[in-house]
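K.L.:
Got a structure for you, written out below as structure tokens; questions coming shortly.
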Amino acid sequence: MNFDPGPPAEVAYRSTDDGRWTLRFVRDLRHPPARVWRTLTEPDLLAQWAPFTADRDLGTPGPATLTMIDGEVAVPLDAVVTSVEAPRLLQYTWGEDLLRWELAATGEGTRLTLWHTLADRDFVSKVAAGWHQCVRVMELLLDGTPHPPVRGADALNHGWSALEESYRKTLST
């Protein structure tokens, strides 16, 4: 099945006070915030696009397990949902990382902004490329033309290297 990665996302990054790095990844979607919210929180929908599966609905605060999927390998990581303001803000830890999803209604749908805080600056463009593929699969799911999740090593078969190079160039300016 062909995979069209769609247009590049708006990206930037910054250092944090604790020596970590935060990627800002922005994508406009043609769907209302309530629909996008469901794809961010409901386990059956997350499993169709995210790099992980969730052991519960992420729409309420508290502990969760997010299991990273790479082919036949599944790695469970502890998570804690720390902020929930449906349908506009979802924040949780994922292992050592922090993910903050912000949804803003636009005239055309939703502006999705992901703030992903991670330890290693060298991984910022890699994370951007991975989220690009995942959010594109989410968009296709919302459009009613689903594509299988693009996760782990399989991402290399769907243009990840070109995306990573593009984001590395964008983020270095």
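Within each chain, counting starts at residue 1; across the structure tokens, chains are named A, B, ... in the order shown, with ligands numbered 1 upward in that order.
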Can you tell me which residues surround stretch 43-52 of chain A at a distance of at most 7 Å, considering only C-alpha atoms, apart from same-chain residues fewer than 5 positions away, and format the answer as a list in words?
P.N.:
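Once the nearby chain positions are removed, what remains is Asp57, Leu66, Thr67, Met68, Ile69, Cys134, Val137, Met138, Pro148, Pro149 and Arg151 of chain A.
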K.L.:
Pull the alpha helix (DSSP H) assignments for stretch 3-172 of chain A out of DSSP run on the backbone, and list those residues as a PyMOL selection string.
P.N.:
chain A and resi 33-41+43-46+124-143+160-171
K.L.:
Write the selection just made, keeping N, CA and C atoms, as a short mmCIF file (atom, residue, chain, number, x, y, z; two decimals), in the first residue's frame?
P.N.:
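See out-v2.cif below for the written result:
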```cif
data_model
loop_
_atom_site.label_atom_id
_atom_site.label_comp_id
_atom_site.auth_asym_id
_atom_site.auth_seq_id
_atom_site.Cartn_x
_atom_site.Cartn_y
_atom_site.Cartn_z
N PRO A 33 -11.98 19.31 16.86
CA PRO A 33 -11.21 18.86 18.02
C PRO A 33 -11.79 17.63 18.71
N ALA A 34 -13.10 17.51 18.83
CA ALA A 34 -13.68 16.35 19.52
C ALA A 34 -13.31 15.04 18.83
N ARG A 35 -13.27 15.03 17.50
CA ARG A 35 -12.88 13.81 16.77
C ARG A 35 -11.40 13.52 16.93
N VAL A 36 -10.58 14.57 16.85
CA VAL A 36 -9.14 14.39 17.02
C VAL A 36 -8.85 13.91 18.45
N TRP A 37 -9.55 14.48 19.43
CA TRP A 37 -9.39 14.09 20.83
C TRP A 37 -9.58 12.58 21.01
N ARG A 38 -10.61 12.05 20.39
CA ARG A 38 -10.87 10.61 20.51
C ARG A 38 -9.69 9.79 20.02
N THR A 39 -9.04 10.23 18.93
CA THR A 39 -7.90 9.46 18.40
C THR A 39 -6.70 9.53 19.33
N LEU A 40 -6.64 10.59 20.16
CA LEU A 40 -5.54 10.74 21.11
C LEU A 40 -5.76 9.97 22.41
N THR A 41 -7.00 9.64 22.72
CA THR A 41 -7.29 9.09 24.04
C THR A 41 -7.84 7.67 24.04
N PRO A 43 -8.12 3.84 23.38
CA PRO A 43 -7.14 2.80 23.04
C PRO A 43 -7.34 2.15 21.68
N ASP A 44 -8.59 1.88 21.28
CA ASP A 44 -8.80 1.22 19.99
C ASP A 44 -8.41 2.12 18.83
N LEU A 45 -8.57 3.43 18.98
CA LEU A 45 -8.15 4.36 17.93
C LEU A 45 -6.64 4.61 17.98
N LEU A 46 -6.07 4.76 19.17
CA LEU A 46 -4.62 4.93 19.30
C LEU A 46 -3.87 3.79 18.62
N VAL A 124 15.86 14.90 18.09
CA VAL A 124 14.73 15.79 17.81
C VAL A 124 14.22 15.60 16.38
N SER A 125 15.09 15.59 15.38
CA SER A 125 14.63 15.42 13.99
C SER A 125 14.09 14.01 13.76
N LYS A 126 14.65 13.03 14.44
CA LYS A 126 14.17 11.65 14.33
C LYS A 126 12.75 11.54 14.91
N VAL A 127 12.53 12.16 16.05
CA VAL A 127 11.21 12.16 16.69
C VAL A 127 10.22 12.90 15.79
N ALA A 128 10.64 14.02 15.20
CA ALA A 128 9.76 14.78 14.30
C ALA A 128 9.33 13.90 13.12
N ALA A 129 10.27 13.17 12.54
CA ALA A 129 9.94 12.31 11.39
C ALA A 129 8.99 11.19 11.81
N GLY A 130 9.22 10.61 12.97
CA GLY A 130 8.33 9.56 13.46
C GLY A 130 6.93 10.07 13.72
N TRP A 131 6.82 11.21 14.40
CA TRP A 131 5.48 11.76 14.65
C TRP A 131 4.82 12.19 13.34
N HIS A 132 5.61 12.67 12.39
CA HIS A 132 5.04 13.04 11.09
C HIS A 132 4.30 11.84 10.50
N GLN A 133 4.96 10.69 10.47
CA GLN A 133 4.33 9.50 9.91
C GLN A 133 3.11 9.08 10.72
N CYS A 134 3.22 9.09 12.03
CA CYS A 134 2.10 8.68 12.88
C CYS A 134 0.90 9.61 12.71
N VAL A 135 1.15 10.92 12.73
CA VAL A 135 0.04 11.87 12.61
C VAL A 135 -0.58 11.78 11.22
N ARG A 136 0.22 11.49 10.21
CA ARG A 136 -0.35 11.30 8.87
C ARG A 136 -1.28 10.09 8.85
N VAL A 137 -0.89 9.00 9.52
CA VAL A 137 -1.75 7.83 9.60
C VAL A 137 -3.03 8.18 10.38
N MET A 138 -2.89 8.99 11.44
CA MET A 138 -4.06 9.46 12.18
C MET A 138 -4.99 10.25 11.26
N GLU A 139 -4.41 11.13 10.46
CA GLU A 139 -5.20 11.94 9.53
C GLU A 139 -5.96 11.06 8.54
N LEU A 140 -5.30 10.05 8.00
CA LEU A 140 -5.95 9.12 7.07
C LEU A 140 -7.09 8.38 7.76
N LEU A 141 -6.87 7.98 9.00
CA LEU A 141 -7.92 7.32 9.78
C LEU A 141 -9.13 8.26 9.94
N LEU A 142 -8.87 9.51 10.31
CA LEU A 142 -9.94 10.49 10.45
C LEU A 142 -10.66 10.74 9.13
N ASP A 143 -9.92 10.69 8.02
CA ASP A 143 -10.50 10.91 6.69
C ASP A 143 -11.34 9.74 6.22
N TRP A 160 10.71 7.39 6.01
CA TRP A 160 11.20 8.02 7.24
C TRP A 160 12.54 8.72 7.04
N SER A 161 13.47 8.11 6.32
CA SER A 161 14.81 8.70 6.15
C SER A 161 14.75 10.07 5.49
N ALA A 162 13.94 10.20 4.44
CA ALA A 162 13.80 11.49 3.75
C ALA A 162 13.14 12.52 4.67
N LEU A 163 12.15 12.09 5.44
CA LEU A 163 11.50 12.99 6.39
C LEU A 163 12.49 13.46 7.45
N GLU A 164 13.27 12.53 7.99
CA GLU A 164 14.24 12.88 9.03
C GLU A 164 15.26 13.88 8.50
N GLU A 165 15.74 13.66 7.28
CA GLU A 165 16.70 14.58 6.68
C GLU A 165 16.08 15.96 6.49
N SER A 166 14.85 16.00 6.03
CA SER A 166 14.16 17.28 5.83
C SER A 166 13.98 18.01 7.16
N TYR A 167 13.55 17.30 8.18
CA TYR A 167 13.36 17.94 9.49
C TYR A 167 14.69 18.35 10.10
N ARG A 168 15.75 17.57 9.90
CA ARG A 168 17.06 17.94 10.41
C ARG A 168 17.50 19.26 9.81
N LYS A 169 17.29 19.44 8.49
CA LYS A 169 17.65 20.69 7.84
C LYS A 169 16.81 21.84 8.36
N THR A 170 15.51 21.61 8.48
CA THR A 170 14.61 22.67 8.97
C THR A 170 14.98 23.08 10.38
N LEU A 171 15.27 22.11 11.22
CA LEU A 171 15.55 22.40 12.64
C LEU A 171 16.94 22.97 12.87
#
```
K.L.:
In terms of the shortest atom-to-atom distance over only C-alpha atoms, which of A:Gly6, A:Gly95, A:Gly109, A:Gly71 is closest to A:Ala155?
P.N.:
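Of A:Gly6, A:Gly95, A:Gly109, A:Gly71, the one nearest A:Ala155, counting only C-alpha atoms, is A:Gly71.
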K.L.:
Within 9 Å of A:Pro61, counting only C-alpha atoms, which residues qualify if same-chain residues fewer than 5 places away don't, as an NGL selection string?
P.N.:
:A and (80-84 or 92)
K.L.:
I need the chosen residues saved as a PDB file, in the first residue's frame, with C-alpha atoms.
P.N.:
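Result saved to out.pdb:
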```pdb
ATOM      1  CA  VAL A  80       1.188   8.965  33.838  1.00  0.00           C
ATOM      2  CA  VAL A  81      -1.570  11.151  32.419  1.00  0.00           C
ATOM      3  CA  THR A  82      -0.978  14.450  34.248  1.00  0.00           C
ATOM      4  CA  SER A  83      -3.314  16.942  32.544  1.00  0.00           C
ATOM      5  CA  VAL A  84      -6.647  16.453  30.814  1.00  0.00           C
ATOM      6  CA  TYR A  92       1.366  12.512  29.879  1.00  0.00           C
TER       7      TYR A  92
END
```
K.L.:
Which residue, A:Leu77, A:Val26, A:Val11, A:Ala119, has the smallest gap to A:Glu102 when you use only C-alpha atoms?
P.N.:
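Closest candidate: A:Val26.
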K.L.:
Which residue is closest to A:Thr93? Choose from A:Asn157, A:Thr106, A:Thr65, A:Thr113 and count only C-alpha atoms.
P.N.:
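Looking at the shortest contact to A:Thr93, the residue is A:Thr65.
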K.L.:
Just how far from atom CA of A:His147 is atom CA of A:Arg27, in Å to one decimal?
P.N.:
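Between atom CA of A:Arg27 and atom CA of A:His147 the gap is 18.2 Å.
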K.L.:
How many Å lie between atom CA of A:Asp120 and atom CA of A:Leu156, rounded to one decimal?
P.N.:
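Atom CA of A:Asp120 sits 20.9 Å away from atom CA of A:Leu156.
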K.L.:
Where does DSSP see strand (DSSP E) in stretch 67-149 of chain A, if you list the residues as a VMD selection string?
P.N.:
chain A and resid 67 to 70 73 to 85 89 to 94 97 to 105 110 to 118
K.L.:
Using only C-alpha atoms, can you tell me which of A:Leu114, A:Glu72, A:Ala79, A:Leu98 comes closest to A:Gly152?
P.N.:
A:Glu72
K.L.:
Which of these residues is nearest to A:Ala105, using only C-alpha atoms: A:Leu29, A:Leu118, A:Leu23, A:Ala153?
P.N.:
A:Leu29
